[in-house]
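Engineer: Structure in structure tokens, see below.
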Amino acid sequence: MPFPIISASKTKTIPIQLISADKFPAWLKKQPADLKKWLALHEFTGKAGSYMVLPTPNGTIDKILAGVELPLNIWSIANLPAKIPMGTYHLEGSFKAEEASNLALGWALATYEFSKYKKSDKKFPQLVAPKNCDNALVKSFFEAICWARDLINTPANDMNPASLANEAASWAKSQKAKINIIKGEALLKENYPMIYTVGKAADIPPHLVDIRFSRKKAPKITLVGKGVTFDTGGLDIKTAGGMKIMKKDMGGAANVLALAKVIVETNLPIELRVLLPIVENAVSGNAMRPLDIVPTRKGITVEIGNTDAEGRLILSDALFEADSEAPDLIIDCATLTGAARVALGTDVAVFFTDDNKLAAKLAEISERESDPLWRLPLWKGYRSLLDTLNADLSNDPDSSYGGSITAALFLKEFVRKTKSWIHVDMMAWNLQNKAGRPQGGEAVAIRALYQLIKENYGSAR
């Protein structure tokens with residue numbers, strides 16, 4: 001889909017004036033009588049999300065009034081592209097650099113449509129980039145988020161483990177990265193038994209994608225993304241309702257790829273590694289069974305208490321490999337637990353870390369970027385729930401409470417050397433349409449995580 005933000009226009013553009021409800025009365029007093037009548041007729045009060053087309057005497061558009069809530073954020077004008085008439089627009093007024101870029105990105109994301117299987121001829125208006133807008137960064141985020149959405153929205157019959165691995169490899173090759181892909185029984189030879197065990201029941205074998213961007217004497221950051229291209233639940237099979245949107249269970253991998261894309265395109269001065277364990281959790285005669293005991297790359301054993309708690313299993317091998325190099329930071333992203341959604345709903349991603357300084361920084365950035373993340377504790381008191389009689393760990397804690405915490409504690413067992421680690425448990429899916437955020441696959445937390453990496457480990461360009 002075309003990028004709807006342009007640097008300049010050769011033709012006259014239509015102004016959009018942003019106004020908040022609390023400032024609207026004072027502004028209205030200064031307007032001419034005919035405009036006051038027009039606004040009163042249409043009951044426009046500057047309410048956030050509302051807009052009003054102001055006509056000229058000859059029937060063209062003079063201006064768009066857009067109601068916004070202050071402070072401005074990425075979604076402040078995301079409702080407009082789908083509603084206002086076609087044309088080329090510009091924003092009146094001046095904006096801080098961060099505001100300008102966020103407004104432009106929200107506008108751009110509002111033009112996203114998943115049209116791979118159902119073509120659309122819908123067109124959207126263009127916006128001239130506001131002054132101070134970092135148009136290159138906005139375009140990079142737009143393309144990355146659209147890519148993540150497309151990957152998640154693509155059904156599992158077309159987005160299988162090989163397809164997702166090929167998508168990642170194709171992008172990595174275009175960026176001249178070093179790529180290593182291990183698949184099928186080669187995973188056993190290379191000592192990734194958990195990834196193999198979870199994915200062996202599917203017709204398309206499991207994959208581990210390993211992408212490296214070398215940079216000497218730079219902070220080392222490794223991103224790990226859960227890539228379950230479809231999750232039946234295995235032999236502990238999900239209900240029909242619970243399985244319906246499980247094509248999204250590779251959302252962690254999609255989000256990691258989107259984040260990596262922006263990091264590379266903006267040339268952040270870091271040494272980047274991306275690890276994607278990719279499987280389909282299927283049902284067949286050789287599927288893993290409840291109470292199977294399986295070794296891990298770390299060398300400890302895990303008893304499979306529930307085959308539907310597979311994400312933490314494949315992440316364990318990938319995280320232990322990431323940790324073996326003791327990078328400065330590991331970030332893993334995963335659609336891991338329903339418990340996190342029960343706790344915080346579908347819009348707010350959960351994150352865990354034992355680095356308090358980093359947690360405070362991420363929370364501050366998350367609020368600033370309107371990219372919601374909320375920290376939950378790695379409560380050590382729940383660690384004993386992972387104990388089991390016949391193996392070192394269980395993937396199915398002996399409790400129905402604190403499920404996102406016990407999942408994070410399970411993952412923490414495989415991260416010991418790394419200076420800092422962040423685990424993000426996300427939905428990666430919009431249940432309903434919102435301005436700029438259509439129903440379906442979603443990029444979650446990548447803007448906040450990018451900004452954290454930029455501010456803590458270097459500056460872009």
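Following the order of the structure tokens, first chain is A, next is B, and so on, with residues numbered from 1 inside each chain and ligands from 1 in the order they appear.
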Using DSSP secondary structure from the backbone, list all strand (DSSP E) positions within segment 153-265 of chain A, as JSON, numbers by chain.

Structural biologist: {"A": [178, 179, 180, 181, 182, 183, 207, 208, 209, 210, 211, 212, 213, 220, 221, 222, 223, 224, 225, 227, 228, 229, 230, 231]}

Engineer: Nearest residue to Glu310 of chain A out of A:Cys333, A:Ile195, A:Ile211, A:Ala443, using only C-alpha atoms?

Structural biologist: A:Ile195

Engineer: Counting only C-alpha atoms, which residues of segment 278-396 of chain A fall within 9 Å of segment 157-167 of chain A, and what is the closest atom pair for each with its distance in Å at one decimal, ordered by chain and rising number, as CSV?

Structural biologist:
residue,atom,partner,partner_atom,distance
A:Ile278,CA,A:Pro161,CA,5.5
A:Val279,CA,A:Pro161,CA,5.5
A:Glu280,CA,A:Pro161,CA,6.6

Engineer: Could the residues in this selection be saved with all heavy atoms as an mmCIF file, in the first residue's frame?

Structural biologist:
data_model
loop_
_atom_site.group_PDB
_atom_site.id
_atom_site.type_symbol
_atom_site.label_atom_id
_atom_site.label_comp_id
_atom_site.auth_asym_id
_atom_site.auth_seq_id
_atom_site.Cartn_x
_atom_site.Cartn_y
_atom_site.Cartn_z
ATOM 1 N N ILE A 278 10.410 -21.356 15.183
ATOM 2 C CA ILE A 278 9.166 -21.358 14.407
ATOM 3 C C ILE A 278 8.638 -22.784 14.282
ATOM 4 O O ILE A 278 9.344 -23.670 13.787
ATOM 5 C CB ILE A 278 9.392 -20.750 13.010
ATOM 6 C CG1 ILE A 278 10.012 -19.353 13.129
ATOM 7 C CG2 ILE A 278 8.086 -20.673 12.240
ATOM 8 C CD1 ILE A 278 10.412 -18.735 11.792
ATOM 9 N N VAL A 279 7.398 -22.992 14.703
ATOM 10 C CA VAL A 279 6.789 -24.327 14.684
ATOM 11 C C VAL A 279 5.295 -24.202 14.415
ATOM 12 O O VAL A 279 4.717 -23.128 14.539
ATOM 13 C CB VAL A 279 6.975 -25.059 16.036
ATOM 14 C CG1 VAL A 279 8.441 -25.163 16.425
ATOM 15 C CG2 VAL A 279 6.178 -24.358 17.142
ATOM 16 N N GLU A 280 4.674 -25.312 14.088
ATOM 17 C CA GLU A 280 3.227 -25.452 14.191
ATOM 18 C C GLU A 280 2.948 -26.481 15.272
ATOM 19 O O GLU A 280 3.529 -27.581 15.253
ATOM 20 C CB GLU A 280 2.606 -25.895 12.866
ATOM 21 C CG GLU A 280 1.085 -26.053 12.961
ATOM 22 C CD GLU A 280 0.420 -26.496 11.670
ATOM 23 O OE1 GLU A 280 1.085 -26.508 10.618
ATOM 24 O OE2 GLU A 280 -0.777 -26.858 11.727
#

Engineer: Tell me which protein, DNA and RNA residues are within 7 Å of Gln17 of chain A, counting only C-alpha atoms, leaving out same-chain ones fewer than 4 positions away, and put them as a VMD selection string.

Structural biologist: chain A and resid 64 to 66 91 to 92

Engineer: Of the candidates A:Leu344, A:Ala26, A:Ile446, A:Leu235, which one gets nearest to Ser366 of chain A if we count only C-alpha atoms?

Structural biologist: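 The closest residue to Ser366 of chain A is A:Ile446.
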
Engineer: Find, counting only C-alpha atoms, the residue in A:Leu105, A:Ile263, A:Ala359, A:Ile314 that gets nearest to Ile77 of chain A.

Structural biologist: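 Checking each of A:Leu105, A:Ile263, A:Ala359, A:Ile314 against Ile77 of chain A, counting only C-alpha atoms, the winner is A:Leu105.
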
Engineer: Excluding same-chain residues fewer than 6 positions from Gly49 of chain A, what lies within 9 Å of it counting only C-alpha atoms, as a list in words?

Structural biologist: Ala66, Gly67, Val68, Glu69, Ser76, Ile77, Ala78, Asn79, Leu80 and Ala435 of chain A

Engineer: Since we have the selection now, will you write its residues out, keeping C-alpha atoms, as an mmCIF file, in the first residue's frame?

Structural biologist:
data_model
loop_
_atom_site.group_PDB
_atom_site.id
_atom_site.type_symbol
_atom_site.label_atom_id
_atom_site.label_comp_id
_atom_site.auth_asym_id
_atom_site.auth_seq_id
_atom_site.Cartn_x
_atom_site.Cartn_y
_atom_site.Cartn_z
ATOM 1 C CA ALA A 66 -10.563 18.043 14.055
ATOM 2 C CA GLY A 67 -11.334 17.522 17.721
ATOM 3 C CA VAL A 68 -8.403 16.096 19.668
ATOM 4 C CA GLU A 69 -7.489 15.311 23.253
ATOM 5 C CA SER A 76 -5.021 11.824 17.617
ATOM 6 C CA ILE A 77 -5.940 12.171 13.923
ATOM 7 C CA ALA A 78 -5.964 8.508 12.905
ATOM 8 C CA ASN A 79 -9.738 8.652 12.475
ATOM 9 C CA LEU A 80 -9.519 11.182 9.643
ATOM 10 C CA ALA A 435 -8.811 4.486 14.566
#

Engineer: As a list in words, please: all residues of segment 264-354 of chain A that backbone DSSP puts in helix (DSSP H, G or I).

Structural biologist: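 After running DSSP on the backbone, segment 264-354 of chain A has helix (DSSP H, G or I) at Val264, Glu265, Gly311, Arg312, Leu313, Ile314, Leu315, Ser316, Asp317, Ala318, Leu319, Phe320, Glu321, Ala322, Asp323, Gly338, Ala339, Ala340, Arg341, Val342, Ala343 and Leu344 of chain A.
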
Engineer: Go ahead and write the residues just picked, N, CA and C atoms, as a PDB file, in the first residue's frame.

Structural biologist:
ATOM      1  N   VAL A 264      17.486  -1.678  11.957  1.00  0.00           N
ATOM      2  CA  VAL A 264      18.466  -1.757  10.871  1.00  0.00           C
ATOM      3  C   VAL A 264      18.340  -0.552   9.938  1.00  0.00           C
ATOM      4  N   GLU A 265      17.117  -0.198   9.578  1.00  0.00           N
ATOM      5  CA  GLU A 265      16.914   0.891   8.616  1.00  0.00           C
ATOM      6  C   GLU A 265      17.329   2.251   9.171  1.00  0.00           C
ATOM      7  N   GLY A 311       4.602 -22.450  23.893  1.00  0.00           N
ATOM      8  CA  GLY A 311       5.416 -21.295  23.551  1.00  0.00           C
ATOM      9  C   GLY A 311       6.655 -21.176  24.412  1.00  0.00           C
ATOM     10  N   ARG A 312       6.509 -21.399  25.714  1.00  0.00           N
ATOM     11  CA  ARG A 312       7.653 -21.291  26.616  1.00  0.00           C
ATOM     12  C   ARG A 312       8.689 -22.381  26.331  1.00  0.00           C
ATOM     13  N   LEU A 313       8.233 -23.494  25.761  1.00  0.00           N
ATOM     14  CA  LEU A 313       9.161 -24.582  25.446  1.00  0.00           C
ATOM     15  C   LEU A 313      10.104 -24.195  24.317  1.00  0.00           C
ATOM     16  N   ILE A 314       9.546 -23.686  23.216  1.00  0.00           N
ATOM     17  CA  ILE A 314      10.416 -23.320  22.090  1.00  0.00           C
ATOM     18  C   ILE A 314      11.267 -22.096  22.444  1.00  0.00           C
ATOM     19  N   LEU A 315      10.720 -21.202  23.257  1.00  0.00           N
ATOM     20  CA  LEU A 315      11.499 -20.033  23.670  1.00  0.00           C
ATOM     21  C   LEU A 315      12.664 -20.435  24.572  1.00  0.00           C
ATOM     22  N   SER A 316      12.503 -21.509  25.331  1.00  0.00           N
ATOM     23  CA  SER A 316      13.572 -21.901  26.263  1.00  0.00           C
ATOM     24  C   SER A 316      14.862 -22.213  25.525  1.00  0.00           C
ATOM     25  N   ASP A 317      14.772 -22.961  24.429  1.00  0.00           N
ATOM     26  CA  ASP A 317      15.976 -23.269  23.653  1.00  0.00           C
ATOM     27  C   ASP A 317      16.575 -22.012  23.028  1.00  0.00           C
ATOM     28  N   ALA A 318      15.723 -21.162  22.460  1.00  0.00           N
ATOM     29  CA  ALA A 318      16.207 -19.944  21.803  1.00  0.00           C
ATOM     30  C   ALA A 318      16.807 -18.971  22.812  1.00  0.00           C
ATOM     31  N   LEU A 319      16.178 -18.838  23.978  1.00  0.00           N
ATOM     32  CA  LEU A 319      16.693 -17.931  24.990  1.00  0.00           C
ATOM     33  C   LEU A 319      18.031 -18.411  25.559  1.00  0.00           C
ATOM     34  N   PHE A 320      18.156 -19.724  25.742  1.00  0.00           N
ATOM     35  CA  PHE A 320      19.419 -20.232  26.272  1.00  0.00           C
ATOM     36  C   PHE A 320      20.546 -19.994  25.276  1.00  0.00           C
ATOM     37  N   GLU A 321      20.247 -20.150  23.988  1.00  0.00           N
ATOM     38  CA  GLU A 321      21.251 -19.842  22.966  1.00  0.00           C
ATOM     39  C   GLU A 321      21.590 -18.358  22.970  1.00  0.00           C
ATOM     40  N   ALA A 322      20.583 -17.504  23.056  1.00  0.00           N
ATOM     41  CA  ALA A 322      20.827 -16.065  23.119  1.00  0.00           C
ATOM     42  C   ALA A 322      21.680 -15.715  24.329  1.00  0.00           C
ATOM     43  N   ASP A 323      21.373 -16.310  25.462  1.00  0.00           N
ATOM     44  CA  ASP A 323      22.068 -16.038  26.719  1.00  0.00           C
ATOM     45  C   ASP A 323      23.510 -16.519  26.701  1.00  0.00           C
ATOM     46  N   GLY A 338      -2.899 -16.536  28.198  1.00  0.00           N
ATOM     47  CA  GLY A 338      -4.208 -15.935  28.376  1.00  0.00           C
ATOM     48  C   GLY A 338      -4.302 -15.203  29.699  1.00  0.00           C
ATOM     49  N   ALA A 339      -3.479 -15.619  30.662  1.00  0.00           N
ATOM     50  CA  ALA A 339      -3.503 -14.982  31.981  1.00  0.00           C
ATOM     51  C   ALA A 339      -3.131 -13.505  31.890  1.00  0.00           C
ATOM     52  N   ALA A 340      -2.205 -13.165  31.006  1.00  0.00           N
ATOM     53  CA  ALA A 340      -1.834 -11.762  30.841  1.00  0.00           C
ATOM     54  C   ALA A 340      -2.998 -10.957  30.294  1.00  0.00           C
ATOM     55  N   ARG A 341      -3.788 -11.564  29.417  1.00  0.00           N
ATOM     56  CA  ARG A 341      -4.947 -10.867  28.841  1.00  0.00           C
ATOM     57  C   ARG A 341      -6.042 -10.701  29.896  1.00  0.00           C
ATOM     58  N   VAL A 342      -6.204 -11.701  30.750  1.00  0.00           N
ATOM     59  CA  VAL A 342      -7.179 -11.586  31.839  1.00  0.00           C
ATOM     60  C   VAL A 342      -6.774 -10.459  32.777  1.00  0.00           C
ATOM     61  N   ALA A 343      -5.479 -10.340  33.031  1.00  0.00           N
ATOM     62  CA  ALA A 343      -4.988  -9.332  33.962  1.00  0.00           C
ATOM     63  C   ALA A 343      -5.124  -7.915  33.403  1.00  0.00           C
ATOM     64  N   LEU A 344      -4.726  -7.713  32.150  1.00  0.00           N
ATOM     65  CA  LEU A 344      -4.623  -6.352  31.612  1.00  0.00           C
ATOM     66  C   LEU A 344      -5.432  -6.130  30.343  1.00  0.00           C
TER      67      LEU A 344
END

Engineer: Please provide as a PyMOL selection string all residues within 7 Å of Gly233 of chain A, with the sequence filter that same-chain residues fewer than 6 positions apart are discarded (counting only C-alpha atoms).

Structural biologist: chain A and resi 281+307-308

Engineer: Atoms to include: N, CA and C atoms. Write the selected residues as an mmCIF file, in the first residue's frame.

Structural biologist:
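Okay, result08.cif is ready:
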data_model
loop_
_atom_site.group_PDB
_atom_site.id
_atom_site.type_symbol
_atom_site.label_atom_id
_atom_site.label_comp_id
_atom_site.auth_asym_id
_atom_site.auth_seq_id
_atom_site.Cartn_x
_atom_site.Cartn_y
_atom_site.Cartn_z
ATOM 1 N N ASN A 281 2.103 -26.131 16.226
ATOM 2 C CA ASN A 281 1.744 -27.066 17.295
ATOM 3 C C ASN A 281 0.540 -27.878 16.819
ATOM 4 N N THR A 307 0.279 -29.773 26.711
ATOM 5 C CA THR A 307 0.845 -29.546 25.379
ATOM 6 C C THR A 307 0.436 -28.193 24.805
ATOM 7 N N ASP A 308 -0.508 -27.513 25.451
ATOM 8 C CA ASP A 308 -0.925 -26.187 24.996
ATOM 9 C C ASP A 308 -0.102 -25.074 25.638
#
